Each structure stands twice: as structure tokens, then as C-alpha cells.
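Working notes, structure below.
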Amino acid sequence: MLLTALGASLLAAPALAYQAADAATTADGTADGTAEGTAGTGLDDPAKKDIAMRLVSSAENSSLDWEEKYAYIEDIGDGRGYTGGVIGFCSGTGDMLALVELHTERVADNPLAGWLTALRAVSGTDSHEGLDPGFPDAWREAAGTAAFRTAQRDERDRVYFDPAVAGAREDGLGALGQFVYYDAMVMHGPGTDALGFGGIRDRALPQAASPTEGGDEAGYLHAFLDARVWAMEQEEAHSDVSRVETAQRVFLAAGNLDLELPLNWQVYGDSYTLS
């Protein structure tokens, strides 16, 4: 995720009705509500969504067990401050702040509520000022509650997953293309600057038309991945492009536009299989 601000929409987290328990979600840990007529065809199909979460987790957490990462938090030295949770919310990019604000709107008396002032102060920086030494312990404590786990999933979907799937569908892309968009949003943020998702898409379109514009789906996705590799290489923290070249590009080269199992890929030298 980019250190630049993700925009007012990220910080204006809606006060959604709190889902009291994890049992209110489907088996893959995502809210039930797949759009009619799309089950089995898009990334919002529960089984496909779980595949997407595992693929991202292999790159973000070196693990396929994304549901074990609610309590994860550390500074990985990428200039984004603390990184935590199931999608790598960052104290330096604003999405961690938006998450804690949402959680506090739903549950005022939570372990993270007292850290909001410090999170606002460090947003846009890699600073830990006001967060050390107690913030990581508070995060882990909050992650033991169903409310905070639900908030993490909801913010992941609102900021990254849902816009990525909707945008990919508008461009005429199937499940693989929807995942390609989602992973790019997770790493680069949904911004329109050159290194954000919007900038990557803008760089790809002159090279290959999207399917909606009459282009070939595989050809467009190759152009998008080329543009993303360029964006990754502009940042030292993202200069290892294996999550594209030995994962997404492998699926694309195999013609697996529907992101069907089995999947075999590598990220940062580690090998993974889903079958």
C-alpha cells in the first residue's frame, strides 16, 4: 500500500451495523451476499474469494492461512510504519486508522480506541511516535474479539476487494483478472497517481485494449502486469516482483482466466499449491 493518502473515501468509514459474531459469515470468513447470477463465475463467489485471500496471504504473510493473521502486526521496514491484520493495514497509509475508527464506531470501549490520536498523528509517515510500546499488544488483544475480526474483513472488502472486482468486471475481466486487480490494489492502493492502481491501469490501456473495449483478455492482462512490474520496480520495498512473475503471470500463461484449481506458484522463493 502506498504511503500517500488513500483519499477521503478511505477515512470516511461508514458506521455499518455490527455483526455480533463470526458465525454470521460464510465458511470462508466473508459476508454472505454474492450477487445473484455471479456465483461460480467471479471472485466474489465464496470459494473463489477464499482462493484470492490465500494467494494474497502467500505474498503478504508467507502463509496460506489468512484467517490466522488477524492478530499479526509488525514494522516490516517498508516505510509504512506498522503493518497488521489480514490484508496488511498500515499505520502510515491511513487504512489502519480507518479500520480502528470503524471498529470504535461499532464498539466504543475497545483496546484500540485510546490509540486513535496517535494513529492520526503518524498517518502519512513511518513513525511509531505515540504508538510504542503498547500499540502492538492492544492490536493483538483486539484481534481476539469477533468485532475486530469482522471490522478487518469489512474494511478489506470496502477499500480493496469490492472496488477491484467491480472495476475488473467493468473492464470485462474474469476471475483471474479480478484477482490481478485486487492484488494490485492491496499493494499499491486505489489511488490515481502513477504508482497507484489507477496509474497502473492508465499505463496499461495504451498498450492493450481491455475486453470491454474490444481487446483480448489475456493480452490486456499481460499489459497490466507489465505496468504493475514497472510500478513495483520504482519502490525498493516492492522490487521483488515474484508475486507477479512467478504467480499471476504463471496462471495467465497457462490460460487459467477463471482461476481454477489446482494452482501452483512461487512468491519470494517459496512454493505454494492449492488443489
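Every chain in the C-alpha cells takes a letter, A first, then B, and so on in the order presented; its residues are numbered from 1, and the ligands are numbered from 1 following the presented order.
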Exercise. List the neighbours of Tyr70 in chain A out to 9 Å using only C-alpha atoms; skip same-chain residues closer than 6 positions along the sequence, and give me the result as a list in words.
Key: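 Listed by chain and then number, they are Gly84, Gly85, Val86, Ile87, Trp139, Arg140, Ala143, Gly144, Phe148, Arg149 and Gln152 of chain A.
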Could you take the residues named above and write them with C-alpha atoms, as a CSV table (one decimal), in the first residue's frame?
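Output (part_2.csv):
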```
chain,number,residue,atom,x,y,z
A,84,GLY,CA,-1.2,-5.5,10.6
A,85,GLY,CA,-4.1,-7.8,10.1
A,86,VAL,CA,-5.5,-10.0,7.3
A,87,ILE,CA,-4.6,-7.6,4.5
A,139,TRP,CA,-3.9,-4.8,18.4
A,140,ARG,CA,-3.4,-8.4,19.4
A,143,ALA,CA,-7.9,-9.3,17.4
A,144,GLY,CA,-9.2,-11.8,20.0
A,148,PHE,CA,-12.5,-6.6,15.3
A,149,ARG,CA,-12.1,-9.6,13.1
A,152,GLN,CA,-11.0,-6.1,9.4
```
Contact check, range 151-196 of chain A to range 236-257 of chain A, at most 10 Å, counting only C-alpha atoms, closest pairs as CSV:
```
residue,atom,partner,partner_atom,distance
A:Leu173,CA,A:Leu257,CA,8.4
A:Gly174,CA,A:Leu257,CA,6.2
A:Ala175,CA,A:Leu257,CA,6.4
A:Leu176,CA,A:Leu257,CA,5.0
A:Gly177,CA,A:Leu257,CA,7.1
A:Gln178,CA,A:Leu257,CA,9.6
A:Phe179,CA,A:Gln248,CA,8.7
A:Val180,CA,A:Gln248,CA,7.0
A:Asp183,CA,A:Arg243,CA,9.1
A:Ala184,CA,A:Val244,CA,9.6
A:Met187,CA,A:His238,CA,8.6
A:His188,CA,A:His238,CA,9.6
```
Practice problem: Quote the spacing between CA of Arg201 in chain A and CA of Glu235 in chain A in Å to one decimal place. | Solution: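 Between CA of Arg201 in chain A and CA of Glu235 in chain A the gap is 17.6 Å.
With distances restricted to only C-alpha atoms, A:Thr125 is the closest residue to Cys90 in chain A from A:Thr104, A:Thr125, A:Ser63, A:Gln266.
Here CA of Ser58 in chain A is placed at a distance of 21.7 Å from CA of Ala151 in chain A.
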Exercise. Choose the residue, out of A:Ala71, A:Leu261, A:Ala138, A:Met232, that has the smallest atom-to-atom separation from Ala194 in chain A; count only C-alpha atoms.
Key: A:Met232
Exercise. Could you tell me, as a list in words, which residues of range 50-211 of chain A DSSP assigns to strand (DSSP E or B) when given the backbone?
Key: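 Strand (DSSP E or B) members of range 50-211 of chain A, listed: Ile73, Glu74, Asp75, Tyr82, Thr83, Gly84, Phe89 and Cys90 of chain A.
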Written file, previous selection with N, CA, C and O atoms, as a short mmCIF file (atom, residue, chain, number, x, y, z; two decimals), in the first residue's frame:
```cif
data_model
loop_
_atom_site.label_atom_id
_atom_site.label_comp_id
_atom_site.auth_asym_id
_atom_site.auth_seq_id
_atom_site.Cartn_x
_atom_site.Cartn_y
_atom_site.Cartn_z
N ILE A 73 0.99 -8.19 13.56
CA ILE A 73 1.39 -6.78 13.48
C ILE A 73 2.89 -6.67 13.65
O ILE A 73 3.48 -7.30 14.54
N GLU A 74 3.54 -5.93 12.76
CA GLU A 74 4.97 -5.64 12.86
C GLU A 74 5.32 -4.52 11.89
O GLU A 74 4.54 -4.19 10.99
N ASP A 75 6.47 -3.93 12.10
CA ASP A 75 7.03 -2.98 11.14
C ASP A 75 7.99 -3.75 10.26
O ASP A 75 9.02 -4.26 10.74
N TYR A 82 3.66 0.52 11.05
CA TYR A 82 3.18 -0.81 11.42
C TYR A 82 2.28 -1.38 10.33
O TYR A 82 1.45 -0.67 9.74
N THR A 83 2.46 -2.66 10.05
CA THR A 83 1.59 -3.41 9.15
C THR A 83 0.87 -4.46 9.97
O THR A 83 1.51 -5.17 10.76
N GLY A 84 -0.45 -4.58 9.82
CA GLY A 84 -1.16 -5.54 10.65
C GLY A 84 -2.41 -6.09 9.99
O GLY A 84 -2.95 -5.51 9.04
N PHE A 89 -3.04 -3.82 6.83
CA PHE A 89 -3.37 -2.42 7.13
C PHE A 89 -2.12 -1.74 7.68
O PHE A 89 -1.40 -2.31 8.49
N CYS A 90 -1.87 -0.50 7.25
CA CYS A 90 -0.63 0.18 7.62
C CYS A 90 -0.91 1.48 8.37
O CYS A 90 -1.76 2.28 7.96
#
```
